[in-house]
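File shown here: input-v4.pdb, holding PDB, C-alpha atoms.
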```
ATOM      1  CA  MET A 123     -10.804  97.780 223.265
ATOM      2  CA  ALA A 124      -8.183 100.205 224.518
ATOM      3  CA  ALA A 125      -4.615  99.107 223.953
ATOM      4  CA  LYS A 126      -2.264  99.068 226.915
ATOM      5  CA  LYS A 127       1.444  98.372 226.716
ATOM      6  CA  LYS A 128       2.154  95.122 228.524
ATOM      7  CA  THR A 129       5.058  96.627 230.417
ATOM      8  CA  ALA A 130       3.465 100.043 231.025
ATOM      9  CA  ASP A 131       2.993 100.916 234.658
ATOM     10  CA  GLY A 132       1.517 104.393 234.246
ATOM     11  CA  THR A 133       4.662 106.383 235.058
ATOM     12  CA  ALA A 134       6.406 109.029 232.944
ATOM     13  CA  GLY A 135       9.063 106.468 232.045
ATOM     14  CA  SER A 136       6.515 103.783 231.230
ATOM     15  CA  PRO A 137       3.238 105.473 230.255
ATOM     16  CA  TRP A 138       0.048 103.780 229.130
ATOM     17  CA  THR A 139      -0.528 103.975 225.383
ATOM     18  CA  LEU A 140      -4.279 104.210 224.904
ATOM     19  CA  LYS A 141      -6.901 105.090 222.329
ATOM     20  CA  THR A 142      -9.909 107.363 222.607
ATOM     21  CA  PRO A 143     -13.194 105.452 223.039
ATOM     22  CA  PRO A 144     -14.022 105.343 219.293
ATOM     23  CA  GLY A 145     -10.465 104.123 218.643
ATOM     24  CA  THR A 146      -9.675 107.029 216.327
ATOM     25  CA  SER A 147      -6.796 108.688 218.207
ATOM     26  CA  GLU A 148      -3.885 107.383 220.244
ATOM     27  CA  PHE A 149      -2.504 109.119 223.328
ATOM     28  CA  ILE A 150      -0.275 108.396 226.290
ATOM     29  CA  ALA A 151      -1.158 108.849 229.944
ATOM     30  CA  PHE A 152       0.688 108.533 233.217
ATOM     31  CA  ARG A 153       0.523 109.501 236.867
ATOM     32  CA  ASP A 154       2.679 112.365 238.133
ATOM     33  CA  GLU A 155       2.438 112.029 241.886
ATOM     34  CA  THR A 156       5.217 114.613 242.395
ATOM     35  CA  ALA A 157       3.170 117.404 240.785
ATOM     36  CA  GLU A 158       1.290 119.879 242.948
ATOM     37  CA  PRO A 159      -1.451 118.783 242.976
ATOM     38  CA  PRO A 160      -0.740 115.184 241.908
ATOM     39  CA  ALA A 161      -1.811 114.831 238.276
ATOM     40  CA  LEU A 162      -2.941 112.451 235.601
ATOM     41  CA  VAL A 163      -0.943 113.620 232.583
ATOM     42  CA  VAL A 164      -2.295 113.036 229.076
ATOM     43  CA  ARG A 165      -0.215 113.698 225.968
ATOM     44  CA  VAL A 166      -1.876 113.898 222.582
ATOM     45  CA  GLY A 167       0.820 114.639 220.036
ATOM     46  CA  LYS A 168       2.610 117.680 221.485
ATOM     47  CA  THR A 169      -0.375 118.799 223.580
ATOM     48  CA  GLU A 170      -0.299 118.008 227.289
ATOM     49  CA  LEU A 171      -3.441 117.973 229.417
ATOM     50  CA  ARG A 172      -3.404 117.519 233.179
ATOM     51  CA  TYR A 173      -6.200 116.413 235.466
ATOM     52  CA  HIS A 174      -6.290 116.056 239.246
ATOM     53  CA  LEU A 175      -5.005 112.508 239.858
ATOM     54  CA  ARG A 176      -7.776 111.989 242.377
ATOM     55  CA  CYS A 177     -10.226 112.051 239.445
ATOM     56  CA  LEU A 178      -9.627 108.319 238.994
ATOM     57  CA  ASP A 179     -10.865 107.387 242.471
ATOM     58  CA  ASP A 180     -13.554 110.084 242.508
ATOM     59  CA  ALA A 181     -14.930 108.973 239.129
ATOM     60  CA  VAL A 182     -15.183 105.327 240.169
ATOM     61  CA  ALA A 183     -16.999 106.306 243.388
ATOM     62  CA  MET A 184     -19.428 108.485 241.403
ATOM     63  CA  LEU A 185     -20.038 105.752 238.817
ATOM     64  CA  LYS A 186     -20.718 103.153 241.507
ATOM     65  CA  LYS A 187     -23.213 105.501 243.114
ATOM     66  CA  HIS A 188     -24.765 106.262 239.703
ATOM     67  CA  GLY A 189     -25.140 102.513 239.145
ATOM     68  CA  ASP A 190     -25.804 102.535 235.396
ATOM     69  CA  TRP A 191     -24.280 103.523 232.079
ATOM     70  CA  LEU A 192     -23.305 107.209 231.844
ATOM     71  CA  PRO A 193     -22.729 109.006 228.508
ATOM     72  CA  LEU A 194     -19.193 110.354 228.053
ATOM     73  CA  GLY A 195     -20.035 113.693 226.422
ATOM     74  CA  GLY A 196     -16.455 114.814 225.746
ATOM     75  CA  ALA A 197     -16.143 118.531 224.937
ATOM     76  CA  ASP A 198     -13.437 121.178 224.757
ATOM     77  CA  GLU A 199     -13.249 123.617 227.661
ATOM     78  CA  GLN A 200     -14.701 126.420 225.532
ATOM     79  CA  LYS A 201     -17.848 124.393 224.732
ATOM     80  CA  PRO A 202     -20.597 123.537 227.204
ATOM     81  CA  ALA A 203     -20.805 119.926 228.361
ATOM     82  CA  ALA A 204     -24.119 118.158 227.830
ATOM     83  CA  ASP A 205     -26.066 117.700 231.059
ATOM     84  CA  GLY A 206     -25.931 114.248 232.616
ATOM     85  CA  THR A 207     -22.598 113.269 231.069
ATOM     86  CA  PHE A 208     -19.227 112.230 232.487
ATOM     87  CA  GLU A 209     -17.776 115.436 230.996
ATOM     88  CA  ALA A 210     -20.357 117.581 232.815
ATOM     89  CA  TRP A 211     -19.542 115.847 236.101
ATOM     90  CA  GLY A 212     -15.814 116.515 235.502
ATOM     91  CA  ARG A 213     -16.464 120.273 235.576
ATOM     92  CA  SER A 214     -19.375 120.478 237.999
ATOM     93  CA  PRO A 215     -19.273 122.494 241.230
ATOM     94  CA  LYS A 216     -20.982 119.440 242.786
ATOM     95  CA  ASN A 217     -18.038 117.042 242.219
ATOM     96  CA  PRO A 218     -15.452 116.432 244.984
ATOM     97  CA  VAL A 219     -13.040 119.153 243.733
ATOM     98  CA  LYS A 220     -15.950 121.623 243.358
ATOM     99  CA  GLY A 221     -15.281 122.327 239.679
ATOM    100  CA  TRP A 222     -12.848 121.433 236.929
ATOM    101  CA  TYR A 223     -10.686 118.325 237.286
ATOM    102  CA  GLY A 224      -8.616 119.769 234.430
ATOM    103  CA  LEU A 225      -5.632 121.746 235.714
ATOM    104  CA  LYS A 226      -4.414 123.777 232.699
ATOM    105  CA  LYS A 227      -6.668 126.697 231.805
ATOM    106  CA  GLY A 228      -7.616 126.433 228.151
ATOM    107  CA  LEU A 229      -6.993 122.653 228.246
ATOM    108  CA  ARG A 230      -9.338 121.622 231.066
ATOM    109  CA  GLY A 231     -11.945 119.936 228.874
ATOM    110  CA  ARG A 232     -11.998 116.577 227.084
ATOM    111  CA  PHE A 233     -12.305 114.852 230.467
ATOM    112  CA  GLY A 234     -14.879 112.489 228.926
ATOM    113  CA  VAL A 235     -12.452 111.602 226.122
ATOM    114  CA  TYR A 236      -9.180 110.887 227.930
ATOM    115  CA  VAL A 237     -10.025 109.775 231.485
ATOM    116  CA  PRO A 238     -12.367 106.849 230.628
ATOM    117  CA  PRO A 239      -9.702 104.873 228.683
ATOM    118  CA  VAL A 240      -7.366 105.203 231.690
ATOM    119  CA  LEU A 241     -10.108 103.897 233.981
ATOM    120  CA  GLU A 242     -10.676 101.016 231.566
ATOM    121  CA  ALA A 243      -6.959 100.183 231.384
ATOM    122  CA  LEU A 244      -6.918 100.021 235.188
ATOM    123  CA  GLY A 245      -9.832  97.553 235.063
ATOM    124  CA  LEU A 246     -12.179  99.897 236.947
ATOM    125  CA  VAL A 247     -14.883 100.511 234.332
ATOM    126  CA  GLU A 248     -16.594  99.078 231.305
ATOM    127  CA  LEU A 249     -16.304 101.424 228.343
ATOM    128  CA  GLU A 250     -18.096 101.342 225.000
ATOM    129  CA  HIS A 251     -16.105 101.730 221.766
ATOM    130  CA  GLN A 252     -18.655 102.860 219.167
ATOM    131  CA  PRO A 253     -18.022 105.586 216.559
ATOM    132  CA  LYS A 254     -20.151 108.041 218.633
ATOM    133  CA  ASN A 255     -22.165 108.373 221.839
ATOM    134  CA  ASN A 256     -20.061 106.073 224.023
ATOM    135  CA  ARG A 257     -20.850 105.366 227.650
ATOM    136  CA  LEU A 258     -19.102 103.938 230.711
ATOM    137  CA  ARG A 259     -20.066 102.299 233.974
ATOM    138  CA  ALA A 260     -18.246 101.024 237.053
ATOM    139  CA  LYS A 261     -17.346  97.339 237.203
TER     140      LYS A 261
END
```
Would you give me this structure, written as structure tokens?
Amino acid sequence: MAAKKKTADGTAGSPWTLKTPPGTSEFIAFRDETAEPPALVVRVGKTELRYHLRCLDDAVAMLKKHGDWLPLGGADEQKPAADGTFEAWGRSPKNPVKGWYGLKKGLRGRFGVYVPPVLEALGLVELEHQPKNNRLRAK
């Protein structure tokens, strides 16, 4: 299960400390509502990824509509996302932002790796934690 600091509130001063779905890597995440556009910031070591903050609400709405488990399919921006995965939805022209939720060119991928643990920490989804091929679904 993803670890969340008891006192973390998802701000820059008190970020969530989470693990990737297989539990192999730790990262921090927080909301930056002052950014333009508002962002979900993910820091993995010294690397910072940013996603549209609205991805949290949009993803839950999509998962509720989907109604079943959805494979994560995390992939770097330079690699294609497998069809029918959370990663593919996060870059699809058919999602609510009409393309990438990732905001930093070159670092727009890995949506299916870093966003699901945030959704789980917020209590919005169920997330599997197997070594490979994890899935999520709305609660």
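Residue nearest Trp222 (chain A), chosen from A:Lys186, A:Leu192, A:Glu199, A:Phe149 and counting only C-alpha atoms: A:Glu199.
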Proximity of region 175-236 of chain A to region 160-166 of chain A: per-residue shortest pair, 8 Å limit, all atoms listed in the file, as a Markdown table:
```
| residue | atom | partner | partner_atom | distance |
| --- | --- | --- | --- | --- |
| A:Leu175 | CA | A:Ala161 | CA | 4.3 |
| A:Arg176 | CA | A:Pro160 | CA | 7.7 |
| A:Tyr236 | CA | A:Val164 | CA | 7.3 |
```
Checklist line | Contact residues around region 240-255 of chain A with all atoms listed in the file at 8 Å, ignoring same-chain residues under 2 positions, as an NGL selection string | finding: :A and (123-126 or 138 or 140 or 143-145 or 151 or 178 or 182 or 193-195 or 236-238 or 257-261)
Next item on the list: Within 12 Å of Ser214 (chain A), counting only C-alpha atoms, which residues show up once you throw out same-chain ones fewer than 4 positions away? Write them as a ChimeraX atom specification, please.
Entry: /A:202-210,218-224,231,233
Margin query: Could you tell me how far CA of Pro137 (chain A) sits from CA of Arg172 (chain A), in Å to one decimal place?
Written below: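 Rounded to one decimal, the two atoms are 14.1 Å apart.
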